[in-house]
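Enquirer: Just so it is clear, I am handing over data_12.cif, which has mmCIF, C-alpha atoms and all ligand atoms.
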```
data_entry
loop_
_atom_site.group_PDB
_atom_site.id
_atom_site.type_symbol
_atom_site.label_atom_id
_atom_site.label_comp_id
_atom_site.auth_asym_id
_atom_site.auth_seq_id
_atom_site.Cartn_x
_atom_site.Cartn_y
_atom_site.Cartn_z
ATOM 1 C CA MET A 1 4.755 -24.532 57.998
ATOM 2 C CA ALA A 2 4.947 -21.141 59.678
ATOM 3 C CA SER A 3 1.523 -20.143 58.384
ATOM 4 C CA THR A 4 0.007 -23.420 59.639
ATOM 5 C CA THR A 5 1.464 -22.766 63.090
ATOM 6 C CA LEU A 6 0.093 -19.214 63.067
ATOM 7 C CA THR A 7 -3.320 -20.423 61.922
ATOM 8 C CA SER A 8 -3.551 -22.987 64.704
ATOM 9 C CA PHE A 9 -2.286 -20.427 67.227
ATOM 10 C CA LEU A 10 -4.961 -17.919 66.146
ATOM 11 C CA GLY A 11 -7.525 -20.732 66.219
ATOM 12 C CA ARG A 12 -6.676 -21.544 69.828
ATOM 13 C CA LEU A 13 -6.519 -17.876 70.755
ATOM 14 C CA ASN A 14 -10.076 -17.471 69.480
ATOM 15 C CA GLY A 15 -11.222 -20.847 70.821
ATOM 16 C CA PRO A 16 -10.067 -22.443 74.094
ATOM 17 C CA TRP A 17 -7.722 -19.528 74.988
ATOM 18 C CA HIS A 18 -10.176 -16.718 74.090
ATOM 19 C CA LYS A 19 -11.424 -16.225 77.642
ATOM 20 C CA ARG A 20 -7.920 -15.917 79.189
ATOM 21 C CA ALA A 21 -6.644 -13.793 76.282
ATOM 22 C CA LEU A 22 -9.604 -11.402 76.577
ATOM 23 C CA GLN A 23 -9.112 -11.116 80.350
ATOM 24 C CA ALA A 24 -5.406 -10.339 79.935
ATOM 25 C CA PHE A 25 -6.146 -7.813 77.193
ATOM 26 C CA LEU A 26 -8.811 -6.143 79.345
ATOM 27 C CA VAL A 27 -6.327 -5.718 82.216
ATOM 28 C CA VAL A 28 -3.812 -3.986 79.900
ATOM 29 C CA VAL A 29 -6.492 -1.737 78.385
ATOM 30 C CA LEU A 30 -7.899 -0.800 81.813
ATOM 31 C CA ALA A 31 -4.437 -0.007 83.233
ATOM 32 C CA HIS A 32 -3.643 2.270 80.288
ATOM 33 C CA TRP A 33 -7.032 3.989 80.433
ATOM 34 C CA ALA A 34 -6.581 4.516 84.202
ATOM 35 C CA GLU A 35 -3.281 6.270 83.464
ATOM 36 C CA HIS A 36 -5.101 8.677 81.145
ATOM 37 C CA LEU A 37 -7.752 9.286 83.828
ATOM 38 C CA VAL A 38 -5.082 9.967 86.473
ATOM 39 C CA GLN A 39 -3.340 12.378 84.107
ATOM 40 C CA ALA A 40 -6.596 14.284 83.521
ATOM 41 C CA TYR A 41 -7.096 14.400 87.304
ATOM 42 C CA GLN A 42 -3.583 15.815 87.753
ATOM 43 C CA VAL A 43 -4.255 18.510 85.144
ATOM 44 C CA TYR A 44 -7.824 19.520 86.067
ATOM 45 C CA VAL A 45 -8.167 18.816 89.785
ATOM 46 C CA LEU A 46 -4.597 19.105 91.082
ATOM 47 C CA LYS A 47 -3.778 21.863 88.525
ATOM 48 C CA TRP A 48 -0.319 20.418 87.880
ATOM 49 C CA PRO A 49 1.586 21.892 84.928
ATOM 50 C CA LEU A 50 1.025 19.748 81.831
ATOM 51 C CA HIS A 51 4.657 18.632 81.645
ATOM 52 C CA GLN A 52 4.476 17.333 85.254
ATOM 53 C CA ALA A 53 1.142 15.533 84.813
ATOM 54 C CA ARG A 54 2.358 12.097 83.767
ATOM 55 C CA GLY A 55 -0.131 9.673 85.308
ATOM 56 C CA VAL A 56 1.184 7.087 87.795
ATOM 57 C CA LEU A 57 3.955 5.174 85.972
ATOM 58 C CA GLY A 58 5.086 8.395 84.295
ATOM 59 C CA GLN A 59 5.968 9.918 87.683
ATOM 60 C CA ALA A 60 8.683 7.285 88.116
ATOM 61 C CA PHE A 61 9.489 6.924 84.412
ATOM 62 C CA PRO A 62 8.912 10.294 82.681
ATOM 63 C CA TRP A 63 10.247 8.935 79.380
ATOM 64 C CA LEU A 64 7.176 6.668 79.245
ATOM 65 C CA VAL A 65 4.971 9.698 78.678
ATOM 66 C CA HIS A 66 7.387 11.799 76.668
ATOM 67 C CA SER A 67 8.423 9.042 74.242
ATOM 68 C CA GLU A 68 6.272 9.237 71.127
ATOM 69 C CA VAL A 69 7.386 5.792 69.975
ATOM 70 C CA LEU A 70 5.938 4.191 73.130
ATOM 71 C CA HIS A 71 2.586 5.932 72.565
ATOM 72 C CA TYR A 72 2.618 4.674 68.994
ATOM 73 C CA GLY A 73 3.675 1.190 70.137
ATOM 74 C CA TYR A 74 0.804 0.985 72.598
ATOM 75 C CA ALA A 75 -1.746 2.148 69.999
ATOM 76 C CA LEU A 76 -0.384 -0.508 67.624
ATOM 77 C CA ILE A 77 -0.489 -3.269 70.256
ATOM 78 C CA MET A 78 -4.095 -2.357 71.023
ATOM 79 C CA LEU A 79 -5.027 -2.402 67.340
ATOM 80 C CA VAL A 80 -3.359 -5.802 66.847
ATOM 81 C CA GLY A 81 -4.981 -7.120 70.043
ATOM 82 C CA ILE A 82 -8.499 -6.127 68.968
ATOM 83 C CA TRP A 83 -7.917 -7.503 65.471
ATOM 84 C CA THR A 84 -6.372 -10.783 66.709
ATOM 85 C CA LEU A 85 -9.229 -11.519 69.117
ATOM 86 C CA LEU A 86 -11.966 -10.593 66.595
ATOM 87 C CA PRO A 87 -12.604 -14.090 65.098
ATOM 88 C CA GLY A 88 -13.790 -15.344 68.505
ATOM 89 C CA PHE A 89 -16.646 -12.836 68.478
ATOM 90 C CA VAL A 90 -19.848 -13.828 66.679
ATOM 91 C CA GLY A 91 -23.191 -12.142 65.984
ATOM 92 C CA ARG A 92 -24.109 -9.063 67.961
ATOM 93 C CA SER A 93 -20.871 -9.002 69.984
ATOM 94 C CA ARG A 94 -18.843 -9.096 66.760
ATOM 95 C CA THR A 95 -20.569 -5.933 65.461
ATOM 96 C CA TRP A 96 -19.509 -3.992 68.563
ATOM 97 C CA TRP A 97 -15.974 -5.420 68.529
ATOM 98 C CA VAL A 98 -15.657 -4.240 64.902
ATOM 99 C CA VAL A 99 -16.776 -0.739 65.996
ATOM 100 C CA ALA A 100 -13.929 -0.756 68.551
ATOM 101 C CA LEU A 101 -11.539 -1.941 65.827
ATOM 102 C CA VAL A 102 -12.522 0.912 63.477
ATOM 103 C CA ILE A 103 -12.148 3.563 66.213
ATOM 104 C CA GLN A 104 -8.784 2.130 67.300
ATOM 105 C CA PHE A 105 -7.643 2.070 63.675
ATOM 106 C CA TRP A 106 -8.195 5.830 63.461
ATOM 107 C CA HIS A 107 -6.621 6.405 66.896
ATOM 108 C CA HIS A 108 -3.583 4.452 65.642
ATOM 109 C CA ILE A 109 -3.398 6.608 62.466
ATOM 110 C CA GLU A 110 -3.275 9.710 64.672
ATOM 111 C CA HIS A 111 -0.383 8.176 66.643
ATOM 112 C CA ALA A 112 1.362 7.192 63.390
ATOM 113 C CA LEU A 113 1.144 10.855 62.320
ATOM 114 C CA LEU A 114 2.646 11.942 65.651
ATOM 115 C CA GLN A 115 5.399 9.350 65.355
ATOM 116 C CA GLY A 116 6.101 10.341 61.745
ATOM 117 C CA GLN A 117 6.685 13.952 62.813
ATOM 118 C CA VAL A 118 9.301 12.834 65.358
ATOM 119 C CA ILE A 119 11.077 10.731 62.712
ATOM 120 C CA ALA A 120 10.876 13.497 60.087
ATOM 121 C CA GLY A 121 12.080 16.084 62.600
ATOM 122 C CA ARG A 122 9.368 18.572 61.658
ATOM 123 C CA THR A 123 5.788 19.129 62.797
ATOM 124 C CA LEU A 124 2.531 19.379 60.887
ATOM 125 C CA PHE A 125 0.552 22.613 60.676
ATOM 126 C CA GLY A 126 3.597 24.630 61.831
ATOM 127 C CA ALA A 127 2.974 23.518 65.432
ATOM 128 C CA ALA A 128 5.593 23.708 68.211
ATOM 129 C CA ALA A 129 5.112 20.014 69.104
ATOM 130 C CA PRO A 130 3.970 16.975 67.064
ATOM 131 C CA THR A 131 0.279 17.449 66.349
ATOM 132 C CA SER A 132 -2.380 15.031 65.082
ATOM 133 C CA ILE A 133 -5.397 15.949 62.968
ATOM 134 C CA VAL A 134 -8.214 16.030 65.528
ATOM 135 C CA GLN A 135 -5.741 17.744 67.878
ATOM 136 C CA LEU A 136 -6.358 20.867 65.776
ATOM 137 C CA TRP A 137 -9.681 21.136 67.658
ATOM 138 C CA ILE A 138 -9.122 19.189 70.889
ATOM 139 C CA PRO A 139 -5.952 19.439 73.052
ATOM 140 C CA ARG A 140 -3.848 16.304 73.386
ATOM 141 C CA VAL A 141 -4.580 15.284 77.005
ATOM 142 C CA GLU A 142 -8.349 15.551 76.460
ATOM 143 C CA LEU A 143 -8.195 14.007 72.992
ATOM 144 C CA HIS A 144 -6.410 10.808 74.002
ATOM 145 C CA LEU A 145 -8.524 10.365 77.131
ATOM 146 C CA PHE A 146 -11.494 10.741 74.780
ATOM 147 C CA TYR A 147 -10.075 8.238 72.237
ATOM 148 C CA ASN A 148 -9.344 5.630 74.890
ATOM 149 C CA THR A 149 -12.844 6.066 76.321
ATOM 150 C CA LEU A 150 -14.384 5.939 72.853
ATOM 151 C CA VAL A 151 -12.638 2.627 72.083
ATOM 152 C CA PHE A 152 -13.404 1.178 75.499
ATOM 153 C CA ILE A 153 -17.209 1.654 75.326
ATOM 154 C CA PRO A 154 -17.863 -0.622 72.283
ATOM 155 C CA MET A 155 -15.337 -3.111 73.717
ATOM 156 C CA VAL A 156 -17.368 -3.358 76.905
ATOM 157 C CA VAL A 157 -20.649 -3.688 74.976
ATOM 158 C CA ALA A 158 -19.069 -6.404 72.791
ATOM 159 C CA MET A 159 -17.781 -8.268 75.854
ATOM 160 C CA TYR A 160 -21.210 -8.048 77.480
ATOM 161 C CA TYR A 161 -22.911 -9.652 74.457
ATOM 162 C CA HIS A 162 -20.036 -12.138 74.244
ATOM 163 C CA VAL A 163 -20.439 -13.263 77.861
ATOM 164 C CA PHE A 164 -24.263 -13.118 77.707
ATOM 165 C CA PRO A 165 -25.025 -14.163 74.112
ATOM 166 C CA GLY A 166 -28.458 -14.869 72.650
ATOM 167 C CA ALA A 167 -29.135 -18.529 71.825
ATOM 168 C CA PRO A 168 -28.258 -18.279 68.078
ATOM 169 C CA ASP A 169 -24.940 -16.532 68.862
ATOM 170 C CA ALA A 170 -24.136 -18.964 71.693
ATOM 171 C CA ALA A 171 -24.561 -21.916 69.324
ATOM 172 C CA ARG A 172 -21.894 -20.517 67.000
ATOM 173 C CA MET A 173 -19.267 -19.688 69.669
ATOM 174 C CA ARG A 174 -16.112 -21.794 69.783
ATOM 175 C CA CYS A 175 -14.764 -20.303 73.035
ATOM 176 C CA SER A 176 -15.736 -20.726 76.683
ATOM 177 C CA CYS A 177 -16.448 -17.042 77.344
ATOM 178 C CA ALA A 178 -20.249 -17.367 77.595
ATOM 179 C CA PHE A 179 -21.659 -17.430 81.099
ATOM 180 C CA HIS A 180 -23.743 -20.532 81.747
ATOM 181 C CA PRO A 181 -25.866 -20.086 84.886
ATOM 182 C CA ASN A 182 -26.510 -23.849 85.078
ATOM 183 C CA ALA A 183 -22.875 -24.877 84.694
ATOM 184 C CA ALA A 184 -22.308 -25.065 88.468
ATOM 185 C CA THR A 185 -25.220 -27.448 89.028
ATOM 186 C CA THR A 186 -24.602 -29.803 86.107
HETATM 187 ZN ZN ZN B 201 -14.660 -15.714 73.668
#
```
Starting from the coordinates I provided, produce the structure as structure tokens.

Expert:
Amino acid sequence: MASTTLTSFLGRLNGPWHKRALQAFLVVVLAHWAEHLVQAYQVYVLKWPLHQARGVLGQAFPWLVHSEVLHYGYALIMLVGIWTLLPGFVGRSRTWWVVALVIQFWHHIEHALLQGQVIAGRTLFGAAAPTSIVQLWIPRVELHLFYNTLVFIPMVVAMYYHVFPGAPDAARMRCSCAFHPNAATT
């Protein structure tokens, strides 16, 4: 019974609810990405010390930025969100959405490594703070701004092809995301 309910829920999420779900997901992703942009601005333009540069929400709630489990939780939510909304994408848009999924999967692994170091109580590579693999070459603030940008680009391309699909893709879509220029007149 539970699996039937889940299947029909996922079916609706990728059918009649796909448009609303995608819009809600986009708002969350944009808000998070904006926080990373603000943090980079605080570090590079305002020259704030790294520990003080906590984006917007982090100014009021410093634990948001300093809690590794929340970073991991967000990366996981994003991975699940991309994966859950994948079936609604067909054709060319699906290819780009899968690219975003693969990049976010790796981003999530990096956060899992960070989280694991907090749980284990020791850091990798003899570092002073929890350190992920690519962080060996790129510092954390830059790296996660880069990751969030890198995931966002294929998401935007996928959404573009999803909203403006070619005729063969449009015929296979089960959601209402596609823009129909004639819809207002018919
Ligand atoms: Zn859709």

Enquirer: Applying 12 Å and all atoms listed in the file, which residues near stretch 161-174 of chain A remain after dropping the ones on its own chain fewer than 6 positions away? List them as a PyMOL selection string.

Expert: chain A and resi 11-19+22-23+85-97+154-155+180-181

Enquirer: Keeping only C-alpha atoms, write those residues as an mmCIF file, in the frame of the given file.

Expert:
```
data_model
loop_
_atom_site.group_PDB
_atom_site.id
_atom_site.type_symbol
_atom_site.label_atom_id
_atom_site.label_comp_id
_atom_site.auth_asym_id
_atom_site.auth_seq_id
_atom_site.Cartn_x
_atom_site.Cartn_y
_atom_site.Cartn_z
ATOM 1 C CA GLY A 11 -7.525 -20.732 66.219
ATOM 2 C CA ARG A 12 -6.676 -21.544 69.828
ATOM 3 C CA LEU A 13 -6.519 -17.876 70.755
ATOM 4 C CA ASN A 14 -10.076 -17.471 69.480
ATOM 5 C CA GLY A 15 -11.222 -20.847 70.821
ATOM 6 C CA PRO A 16 -10.067 -22.443 74.094
ATOM 7 C CA TRP A 17 -7.722 -19.528 74.988
ATOM 8 C CA HIS A 18 -10.176 -16.718 74.090
ATOM 9 C CA LYS A 19 -11.424 -16.225 77.642
ATOM 10 C CA LEU A 22 -9.604 -11.402 76.577
ATOM 11 C CA GLN A 23 -9.112 -11.116 80.350
ATOM 12 C CA LEU A 85 -9.229 -11.519 69.117
ATOM 13 C CA LEU A 86 -11.966 -10.593 66.595
ATOM 14 C CA PRO A 87 -12.604 -14.090 65.098
ATOM 15 C CA GLY A 88 -13.790 -15.344 68.505
ATOM 16 C CA PHE A 89 -16.646 -12.836 68.478
ATOM 17 C CA VAL A 90 -19.848 -13.828 66.679
ATOM 18 C CA GLY A 91 -23.191 -12.142 65.984
ATOM 19 C CA ARG A 92 -24.109 -9.063 67.961
ATOM 20 C CA SER A 93 -20.871 -9.002 69.984
ATOM 21 C CA ARG A 94 -18.843 -9.096 66.760
ATOM 22 C CA THR A 95 -20.569 -5.933 65.461
ATOM 23 C CA TRP A 96 -19.509 -3.992 68.563
ATOM 24 C CA TRP A 97 -15.974 -5.420 68.529
ATOM 25 C CA PRO A 154 -17.863 -0.622 72.283
ATOM 26 C CA MET A 155 -15.337 -3.111 73.717
ATOM 27 C CA HIS A 180 -23.743 -20.532 81.747
ATOM 28 C CA PRO A 181 -25.866 -20.086 84.886
#
```

Enquirer: Grab the atom CA of A:Val102 to atom CA of A:Leu26 distance for me, in Å with one decimal place.

Expert: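 Those two atoms sit 17.8 Å apart.
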
Enquirer: Here is a test: counting only C-alpha atoms and all ligand atoms, which residue of A:Leu124, A:Val99, A:Ala21, A:Ile153 is nearest to ligand ZN 201 (chain B)?

Expert: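 Of A:Leu124, A:Val99, A:Ala21, A:Ile153, the one nearest ligand ZN 201 (chain B), counting only C-alpha atoms and all ligand atoms, is A:Ala21.
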
Enquirer: By how many Å are atom CA of A:Ala178 and atom CA of A:Ala34 apart?

Expert: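 It comes out at 26.6 Å.
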
Enquirer: Could you tell me how far atom CA of A:Glu35 sits from atom CA of A:Leu57, in Å to one decimal place?

Expert: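 We find that atom CA of A:Leu57 and atom CA of A:Glu35 lie 7.7 Å from each other.
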
Enquirer: Can you pull out the residues contacting A:Thr149? Cut-off 12 Å, using all atoms listed in the file, and skip same-chain residues under 5 positions away; I want them as number ranges by chain.

Expert: A: 29-30, 32-37, 100, 103-104, 107, 142-144, 154-156

Enquirer: From the list A:Thr84, A:Thr123, A:Gln39, A:Gln52, which residue is nearest ligand ZN 201 (chain B) when using only C-alpha atoms and all ligand atoms?

Expert: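 Among the listed residues, the smallest separation from ligand ZN 201 (chain B) belongs to A:Thr84.
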
Enquirer: Which residues come within 9 Å of A:Phe105, counting all atoms listed in the file, excluding same-chain residues fewer than 6 positions away, as a count of residues only?

Expert: 3

Enquirer: Between A:Ala127, A:Val45, A:Val151, A:Cys177, which has the minimum distance to A:Met78 (counting all atoms listed in the file)?

Expert: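 When distances to A:Met78 are compared using all atoms listed in the file, the smallest one comes from A:Val151.
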
Enquirer: Given only C-alpha atoms as the basis, pick out the residue of A:Cys175, A:Val69, A:Val38, A:Leu113 nearest to A:Gly55.

Expert: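 Closest residue, counting only C-alpha atoms: A:Val38.
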
Enquirer: My list of candidates is A:Pro49, A:Arg20, A:Ala120, A:Leu101. Which is closest to ligand ZN 201 (chain B) when distances are computed with only C-alpha atoms and all ligand atoms?

Expert: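 For ligand ZN 201 (chain B), the nearest of the candidates is A:Arg20.
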